[in-house]
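Here's the structure we're looking at; comments come further down.
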Amino acid sequence: MAKAAQHKAGDVRAKTPDEIGTLLLDLRKEQFNLRFQRATGQQEGTGRMREVRREIARAKTILAEKQRAVAAERAKTNGAEPQRGSAMAK
């Protein structure tokens, strides 16, 4: 398997939420393949596991930021304050 390029945070932020979802799916597939290679003793570069794990976290974080921004904008246009936490926290 060819080594995939590392996705920088700025590159991921430039993508739409749908593109980030596709990126997450691709990264999870790669993570599965790397785990499978490790289990069968075929993995050569162990550092790629760490890179993929961090890229998944980076993409999930940016996706959550985008979702919060959309929710805040929606609440702003409706005249309500954005919700923070759950209703049980009050």
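Ordering of the structure tokens sets the chain letters (A, B, ...), residue numbers begin anew at 1 in every chain, and ligands are numbered from 1 in the order given.
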
Neighbour list for region 66-82 of chain A as a PyMOL selection string, cut-off 12 Å, only C-alpha atoms, skip fewer than 4 positions in-chain: chain A and resi 12-18+20+59-62+86

With C-alpha atoms retained, could you export that selection as a tab-separated table (two decimals), in the first residue's frame?
chain	number	residue	atom	x	y	z
A	12	VAL	CA	-8.87	19.74	6.20
A	13	ARG	CA	-10.50	23.03	7.27
A	14	ALA	CA	-10.79	24.03	3.61
A	15	LYS	CA	-12.96	20.98	2.91
A	16	THR	CA	-16.74	20.78	3.22
A	17	PRO	CA	-18.27	18.55	5.91
A	18	ASP	CA	-19.15	15.96	3.26
A	20	ILE	CA	-14.32	15.52	5.60
A	59	ALA	CA	-10.54	15.40	10.94
A	60	LYS	CA	-13.09	14.58	13.65
A	61	THR	CA	-12.10	17.68	15.64
A	62	ILE	CA	-12.43	20.00	12.64
A	86	SER	CA	-26.93	19.25	28.13

DSSP-assigned alpha helix (DSSP H) among chain A, expressed as a count of residues only: 61

Near Arg48 (chain A), within 9 Å and counting only C-alpha atoms, which residues show up once chain neighbours fewer than 3 positions away are dropped, as a PDB file with C-alpha atoms, in the first residue's frame?
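Final output, result_35.pdb:
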ATOM      1  CA  LYS A   3       2.017   5.849   1.863  1.00  0.00           C
ATOM      2  CA  GLN A  31      -6.387   2.106   9.642  1.00  0.00           C
ATOM      3  CA  LEU A  34      -2.768  -1.351   8.709  1.00  0.00           C
ATOM      4  CA  GLY A  45       6.390   1.017   8.767  1.00  0.00           C
ATOM      5  CA  GLU A  51      -0.113   9.149  11.735  1.00  0.00           C
ATOM      6  CA  VAL A  52      -3.458   7.720  10.631  1.00  0.00           C
ATOM      7  CA  ARG A  53      -4.797   7.731  14.181  1.00  0.00           C
TER       8      ARG A  53
END

Coordinates-based distance that separates CA of Asn33 (chain A) from CA of Gly21 (chain A) (Å, one decimal): 18.5 Å

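Using only C-alpha atoms, the smallest distance between any of A:Phe36, A:Leu23, A:Ala64, A:Arg28 and Asp11 (chain A) comes from A:Leu23.
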
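Compared by their closest atoms to Leu24 (chain A), and using only C-alpha atoms, the residues A:Lys8, A:Arg50, A:Arg58, A:Glu65 rank with A:Arg58 nearest.
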